[in-house]
Amino acid sequence: MINRRATLKSLALGAVSALAIAAVGPLPAQAANKELKIGFVGVASGPAAAWGTSNVRSMQTRADWLNETGGVKIGDDTYNITIVTFDDQKDPKRAIAGMEKMAQEGIHYVVGPNVDDGAAAVRPVAESQGIIYFPYAFPKSLYVAPASNAVLGMVANYQSGPAIYKYLMDNKGIKKIAFIAANESDPLSQRDSGVAAAKALGLDVVAETDTYQNDTRDFTPVLTPIVALKPDLLVLSGVAPANAPLLIRAARELGYQGLISAETAQDATVLQEGAGELANGFISVGGASTPEIRTPMMDEFIDRYTKKFGEYNDESNTKVYALEYIIETLKANPKAIDSVDEFKKTIDTFSAPNPYAKGGTLKYVGTSSFGQKRQVSVPMVVTEFENGAFKTLFVGEVD
């Protein structure tokens, strides 16, 4: 009887306690992280897919890493990062649709597009909807005032081109240079910049008007007259990763013995599969890292990326930076979470340690090229392809 009464008393007290909790609400719990959406609008399919794929994979790898370690503290709040992607298929109209989608979702910070046409096409949407975007596109009009919403995410061809040509003049004795480009605005613009830089350096430009259609698969006819001119350097202006090995193979099979270069980043796997040893000696702008300058954090990023996707793209050494710049700038000024004007105010004075390069600093540059800071600072790594992998030729930087 005593046990029964004790049990009834305990149940009654428990019921009273439950009612009391219900009356005042649940006990405090640890607040859930907020969500910070960062967008990607760019090419992730077709001949130039490697450019956008490395963007998306870099962003997803870093976002997963940050979320796994508790999220990102910005001001008084902690955020989990969500990457929202849109494949524009290298179509400017789709790029516009993608940027409009980002605006509809309330996203203020977007990585991409990856080509000139797309980056120019989305500018009105970005400016009217309050979006800062990080294109991998080179037209100066995107970064020169009154434009202010685009931040160049890499080294431009008109910055790397002269450095490459000067290096090859000094170290390889090149004197004659030839250019070939796809008959599209991006490659043609890059070709024109390259031609101007080559002439300024005193090189003899023996070919500067030869073009091909981007869906070309037999490059022998277009390269035959260029090879006959015997240039010391053949520049593949703005070449898409899928076309680079085809052009290299065709040139070598025609007997071309000179150097070949490009100012666009390439994919080592694609080069090896498409051209094999014929691609040995091919010079291009690589990812912004080398074994000599990598930090342990960069090594871990590469390891996480490789485990997540089963392979690694050297270009992601550059593409890892955009998300990092966005997050670190927001941490420097939490008001920028909801205001791109606050983000812009922070650009001129922003500085943070570079987690991926030894002794480096995250900062915005571009004053020399654009008259304002609208470019991320990443190491300018120029690479040479050899037996399936890139090796570092030299490292520079942009003001």
# chains A, B, ... in the order shown; residues from 1 in each chain; ligands from 1
>>> residues_around(residues="segment 136-148 of chain A", least_positions_apart="6", cutoff="6 Å", atoms="only C-alpha atoms", output="PyMOL selection string")
chain A and resi 114-116+156+370+374
>>> select_by_dssp(residues="segment 233-395 of chain A", states="alpha helix (DSSP H)", output="MDAnalysis selection string")
chainID A and resid 244:253 268:275 296:309 316:319 321:332 340:347 367:370
>>> residues_around(residues="segment 79-84 of chain A", least_positions_apart="4", cutoff="9 Å", atoms="only C-alpha atoms", output="list in words")
Ala32, Asn33, Lys34, Glu35, Leu36, Lys37, Ile38, Gly39, Phe40, Val41, Val56, Met59, Gln60, Ala63, Asp64, Leu66, Asn67, Glu68, Gly70, Gly71, Val72, Lys73, Ile74, Met102, Ile107 and Val110 of chain A
>>> write_last_selection(atoms="N, CA, C and O atoms", output="CSV table (one decimal), in the first residue's frame")
chain,number,residue,atom,x,y,z
A,32,ALA,N,19.8,27.1,-33.2
A,32,ALA,CA,20.3,26.4,-34.5
A,32,ALA,C,21.0,27.5,-35.3
A,32,ALA,O,20.7,28.7,-35.3
A,33,ASN,N,22.0,27.0,-36.1
A,33,ASN,CA,22.7,28.0,-37.0
A,33,ASN,C,21.7,28.5,-38.0
A,33,ASN,O,20.8,27.8,-38.5
A,34,LYS,N,22.0,29.7,-38.4
A,34,LYS,CA,21.2,30.3,-39.5
A,34,LYS,C,21.8,29.8,-40.8
A,34,LYS,O,22.8,29.2,-40.8
A,35,GLU,N,21.1,30.1,-41.9
A,35,GLU,CA,21.5,29.6,-43.2
A,35,GLU,C,22.0,30.8,-44.0
A,35,GLU,O,21.3,31.8,-44.1
A,36,LEU,N,23.2,30.7,-44.6
A,36,LEU,CA,23.7,31.7,-45.6
A,36,LEU,C,23.9,31.0,-46.9
A,36,LEU,O,24.7,30.1,-47.1
A,37,LYS,N,23.1,31.5,-47.9
A,37,LYS,CA,23.1,30.9,-49.2
A,37,LYS,C,24.1,31.7,-50.1
A,37,LYS,O,24.0,33.0,-50.1
A,38,ILE,N,25.0,31.0,-50.7
A,38,ILE,CA,25.9,31.6,-51.7
A,38,ILE,C,25.6,30.9,-53.0
A,38,ILE,O,25.5,29.7,-53.1
A,39,GLY,N,25.5,31.7,-54.1
A,39,GLY,CA,25.1,31.2,-55.4
A,39,GLY,C,26.2,30.9,-56.3
A,39,GLY,O,27.3,31.4,-56.2
A,40,PHE,N,26.0,30.1,-57.3
A,40,PHE,CA,26.9,29.8,-58.4
A,40,PHE,C,26.1,29.9,-59.7
A,40,PHE,O,25.1,29.2,-59.8
A,41,VAL,N,26.5,30.7,-60.6
A,41,VAL,CA,25.9,30.8,-62.0
A,41,VAL,C,27.0,30.7,-63.0
A,41,VAL,O,27.8,31.6,-63.0
A,56,VAL,N,32.1,24.9,-58.7
A,56,VAL,CA,31.0,24.3,-57.9
A,56,VAL,C,31.6,23.3,-56.9
A,56,VAL,O,31.3,23.3,-55.7
A,59,MET,N,33.4,25.1,-54.1
A,59,MET,CA,32.5,25.7,-53.1
A,59,MET,C,31.8,24.7,-52.2
A,59,MET,O,31.7,24.9,-51.0
A,60,GLN,N,31.4,23.6,-52.8
A,60,GLN,CA,30.8,22.5,-52.0
A,60,GLN,C,31.7,21.9,-51.0
A,60,GLN,O,31.4,21.6,-49.9
A,63,ALA,N,32.3,24.5,-48.3
A,63,ALA,CA,31.0,24.7,-47.5
A,63,ALA,C,30.8,23.5,-46.5
A,63,ALA,O,30.5,23.7,-45.3
A,64,ASP,N,31.0,22.3,-47.0
A,64,ASP,CA,30.9,21.1,-46.2
A,64,ASP,C,31.8,21.1,-45.0
A,64,ASP,O,31.5,20.8,-43.9
A,66,LEU,N,33.3,23.8,-43.6
A,66,LEU,CA,32.9,24.8,-42.6
A,66,LEU,C,31.7,24.3,-41.8
A,66,LEU,O,31.7,24.5,-40.6
A,67,ASN,N,30.7,23.8,-42.4
A,67,ASN,CA,29.5,23.3,-41.7
A,67,ASN,C,29.9,22.2,-40.7
A,67,ASN,O,29.3,22.1,-39.6
A,68,GLU,N,30.8,21.3,-41.2
A,68,GLU,CA,31.2,20.2,-40.4
A,68,GLU,C,31.8,20.6,-39.1
A,68,GLU,O,31.8,20.0,-38.0
A,70,GLY,N,31.2,23.4,-37.4
A,70,GLY,CA,30.3,24.3,-36.6
A,70,GLY,C,29.7,25.5,-37.3
A,70,GLY,O,29.0,26.2,-36.7
A,71,GLY,N,30.1,25.7,-38.5
A,71,GLY,CA,29.6,26.8,-39.2
A,71,GLY,C,30.5,28.0,-39.2
A,71,GLY,O,31.6,28.0,-38.7
A,72,VAL,N,30.0,29.2,-39.7
A,72,VAL,CA,30.8,30.4,-39.8
A,72,VAL,C,30.2,31.5,-38.8
A,72,VAL,O,29.0,31.8,-39.0
A,73,LYS,N,31.0,32.0,-38.0
A,73,LYS,CA,30.6,33.1,-37.1
A,73,LYS,C,30.7,34.4,-37.8
A,73,LYS,O,31.8,34.8,-38.1
A,74,ILE,N,29.6,35.1,-38.0
A,74,ILE,CA,29.6,36.4,-38.6
A,74,ILE,C,28.8,37.3,-37.7
A,74,ILE,O,27.6,37.2,-37.5
A,102,MET,N,18.7,33.6,-58.4
A,102,MET,CA,19.4,33.9,-57.2
A,102,MET,C,18.8,35.1,-56.5
A,102,MET,O,18.6,35.1,-55.2
A,107,ILE,N,19.5,35.8,-52.5
A,107,ILE,CA,21.0,35.6,-52.5
A,107,ILE,C,21.7,36.9,-52.9
A,107,ILE,O,21.4,37.4,-54.0
A,110,VAL,N,27.2,35.8,-55.4
A,110,VAL,CA,27.2,34.8,-56.4
A,110,VAL,C,28.6,34.6,-57.0
A,110,VAL,O,29.2,35.6,-57.3
>>> atom_distance(atom1="atom CA of Arg123 of chain A", atom2="atom CA of Ser284 of chain A")
28.4 Å
>>> closest_residue(among="A:Tyr133, A:Tyr325, A:Tyr256, A:Phe309", to="Ser351 of chain A", atoms="only C-alpha atoms")
A:Tyr325
>>> closest_residue(among="A:Ile260, A:Ala332, A:Ala322, A:Met99", to="Gln129 of chain A", atoms="only C-alpha atoms")
A:Met99
>>> residues_around(residues="segment 219-228 of chain A", least_positions_apart="2", cutoff="10 Å", atoms="only C-alpha atoms", output="MDAnalysis selection string")
chainID A and resid 178:180 206:208 210:213 216:217 230:232 234 243 246:258
>>> closest_residue(among="A:Asn149, A:Thr295, A:Thr61, A:Thr85", to="Ser339 of chain A", atoms="only C-alpha atoms")
A:Asn149
>>> select_by_dssp(residues="segment 183-394 of chain A", states="strand (DSSP E)", output="ChimeraX atom specification")
/A:204-212,233-237,259-262,283-285,352-353,361-362,364-365,375-376,380-386,389-394
>>> write_last_selection(atoms="N, CA and C atoms", output="short mmCIF file (atom, residue, chain, number, x, y, z; two decimals), in the first residue's frame")
data_model
loop_
_atom_site.label_atom_id
_atom_site.label_comp_id
_atom_site.auth_asym_id
_atom_site.auth_seq_id
_atom_site.Cartn_x
_atom_site.Cartn_y
_atom_site.Cartn_z
N ASP A 204 57.34 39.60 -82.94
CA ASP A 204 56.85 39.60 -84.32
C ASP A 204 55.58 38.75 -84.38
N VAL A 205 54.42 39.39 -84.51
CA VAL A 205 53.14 38.67 -84.56
C VAL A 205 52.90 38.25 -86.00
N VAL A 206 53.01 36.93 -86.28
CA VAL A 206 52.91 36.44 -87.66
C VAL A 206 51.50 35.97 -88.00
N ALA A 207 50.65 35.79 -87.01
CA ALA A 207 49.25 35.39 -87.26
C ALA A 207 48.38 35.94 -86.14
N GLU A 208 47.33 36.69 -86.50
CA GLU A 208 46.48 37.28 -85.47
C GLU A 208 45.00 37.32 -85.86
N THR A 209 44.63 36.71 -86.98
CA THR A 209 43.24 36.75 -87.43
C THR A 209 42.63 35.37 -87.65
N ASP A 210 43.39 34.31 -87.42
CA ASP A 210 42.88 32.96 -87.68
C ASP A 210 41.90 32.53 -86.60
N THR A 211 40.76 31.97 -87.04
CA THR A 211 39.73 31.55 -86.08
C THR A 211 39.18 30.18 -86.47
N TYR A 212 38.39 29.59 -85.56
CA TYR A 212 37.70 28.32 -85.81
C TYR A 212 36.37 28.35 -85.09
N LEU A 233 56.11 30.57 -80.79
CA LEU A 233 55.06 30.35 -79.80
C LEU A 233 53.70 30.44 -80.47
N LEU A 234 52.88 29.42 -80.24
CA LEU A 234 51.50 29.40 -80.73
C LEU A 234 50.58 29.59 -79.52
N VAL A 235 49.80 30.66 -79.53
CA VAL A 235 48.92 30.97 -78.40
C VAL A 235 47.50 30.55 -78.75
N LEU A 236 46.92 29.71 -77.91
CA LEU A 236 45.53 29.26 -78.07
C LEU A 236 44.66 30.18 -77.21
N SER A 237 44.23 31.28 -77.79
CA SER A 237 43.54 32.32 -77.02
C SER A 237 42.18 31.85 -76.52
N LEU A 259 56.74 26.23 -79.12
CA LEU A 259 56.01 26.22 -77.87
C LEU A 259 54.53 26.51 -78.10
N ILE A 260 53.67 26.04 -77.21
CA ILE A 260 52.24 26.29 -77.26
C ILE A 260 51.80 26.76 -75.88
N SER A 261 50.95 27.80 -75.84
CA SER A 261 50.50 28.31 -74.55
C SER A 261 49.06 28.77 -74.62
N ALA A 262 48.49 29.00 -73.43
CA ALA A 262 47.14 29.54 -73.30
C ALA A 262 47.09 30.35 -72.02
N ILE A 283 52.05 25.30 -72.02
CA ILE A 283 52.13 26.29 -70.94
C ILE A 283 50.77 26.95 -70.77
N SER A 284 50.32 27.04 -69.53
CA SER A 284 49.04 27.70 -69.27
C SER A 284 49.04 28.29 -67.87
N VAL A 285 48.04 29.11 -67.60
CA VAL A 285 47.86 29.63 -66.25
C VAL A 285 47.28 28.52 -65.41
N ALA A 352 43.07 39.96 -44.75
CA ALA A 352 43.00 38.79 -43.87
C ALA A 352 44.11 37.82 -44.27
N PRO A 353 44.54 36.99 -43.35
CA PRO A 353 45.57 36.00 -43.70
C PRO A 353 45.08 35.05 -44.79
N THR A 361 48.32 37.08 -48.22
CA THR A 361 47.25 37.90 -47.66
C THR A 361 46.06 37.93 -48.59
N LEU A 362 44.87 37.75 -48.03
CA LEU A 362 43.65 37.96 -48.80
C LEU A 362 43.41 39.47 -48.86
N TYR A 364 41.86 42.74 -51.82
CA TYR A 364 41.33 43.07 -53.14
C TYR A 364 42.33 43.94 -53.89
N VAL A 365 42.52 43.64 -55.16
CA VAL A 365 43.47 44.37 -56.00
C VAL A 365 42.75 44.80 -57.28
N GLN A 375 39.10 43.00 -57.88
CA GLN A 375 39.74 41.73 -58.24
C GLN A 375 40.28 41.10 -56.96
N VAL A 376 40.13 39.78 -56.84
CA VAL A 376 40.72 39.10 -55.69
C VAL A 376 42.20 38.88 -55.96
N MET A 380 49.66 34.29 -59.10
CA MET A 380 49.62 34.01 -60.54
C MET A 380 50.62 32.88 -60.82
N VAL A 381 50.09 31.68 -60.91
CA VAL A 381 50.93 30.50 -61.13
C VAL A 381 50.87 30.10 -62.60
N VAL A 382 52.00 30.09 -63.25
CA VAL A 382 52.08 29.65 -64.65
C VAL A 382 52.71 28.26 -64.67
N THR A 383 52.05 27.34 -65.35
CA THR A 383 52.46 25.94 -65.30
C THR A 383 52.85 25.40 -66.68
N GLU A 384 53.59 24.30 -66.64
CA GLU A 384 53.95 23.56 -67.85
C GLU A 384 53.48 22.12 -67.68
N PHE A 385 52.80 21.60 -68.70
CA PHE A 385 52.27 20.24 -68.63
C PHE A 385 53.39 19.26 -68.94
N GLU A 386 53.48 18.21 -68.12
CA GLU A 386 54.50 17.19 -68.34
C GLU A 386 54.01 15.84 -67.82
N ALA A 389 50.65 15.77 -65.74
CA ALA A 389 50.49 16.68 -64.61
C ALA A 389 51.11 18.04 -64.94
N PHE A 390 50.68 19.06 -64.17
CA PHE A 390 51.26 20.39 -64.32
C PHE A 390 52.43 20.57 -63.36
N LYS A 391 53.50 21.18 -63.83
CA LYS A 391 54.59 21.59 -62.95
C LYS A 391 54.72 23.09 -63.04
N THR A 392 55.16 23.70 -61.97
CA THR A 392 55.23 25.16 -61.91
C THR A 392 56.38 25.69 -62.74
N LEU A 393 56.05 26.69 -63.57
CA LEU A 393 57.07 27.36 -64.38
C LEU A 393 57.56 28.60 -63.63
N PHE A 394 56.62 29.44 -63.19
CA PHE A 394 56.96 30.58 -62.34
C PHE A 394 55.70 31.09 -61.65
#
>>> atom_distance(atom1="atom CA of Ala242 of chain A", atom2="atom CA of Val270 of chain A")
6.8 Å
>>> residues_around(residues="Met298 of chain A", least_positions_apart="6", cutoff="12 Å", atoms="only C-alpha atoms", output="PyMOL selection string")
chain A and resi 58+61-62+287-292+304-305+316-318+320-321+354-358
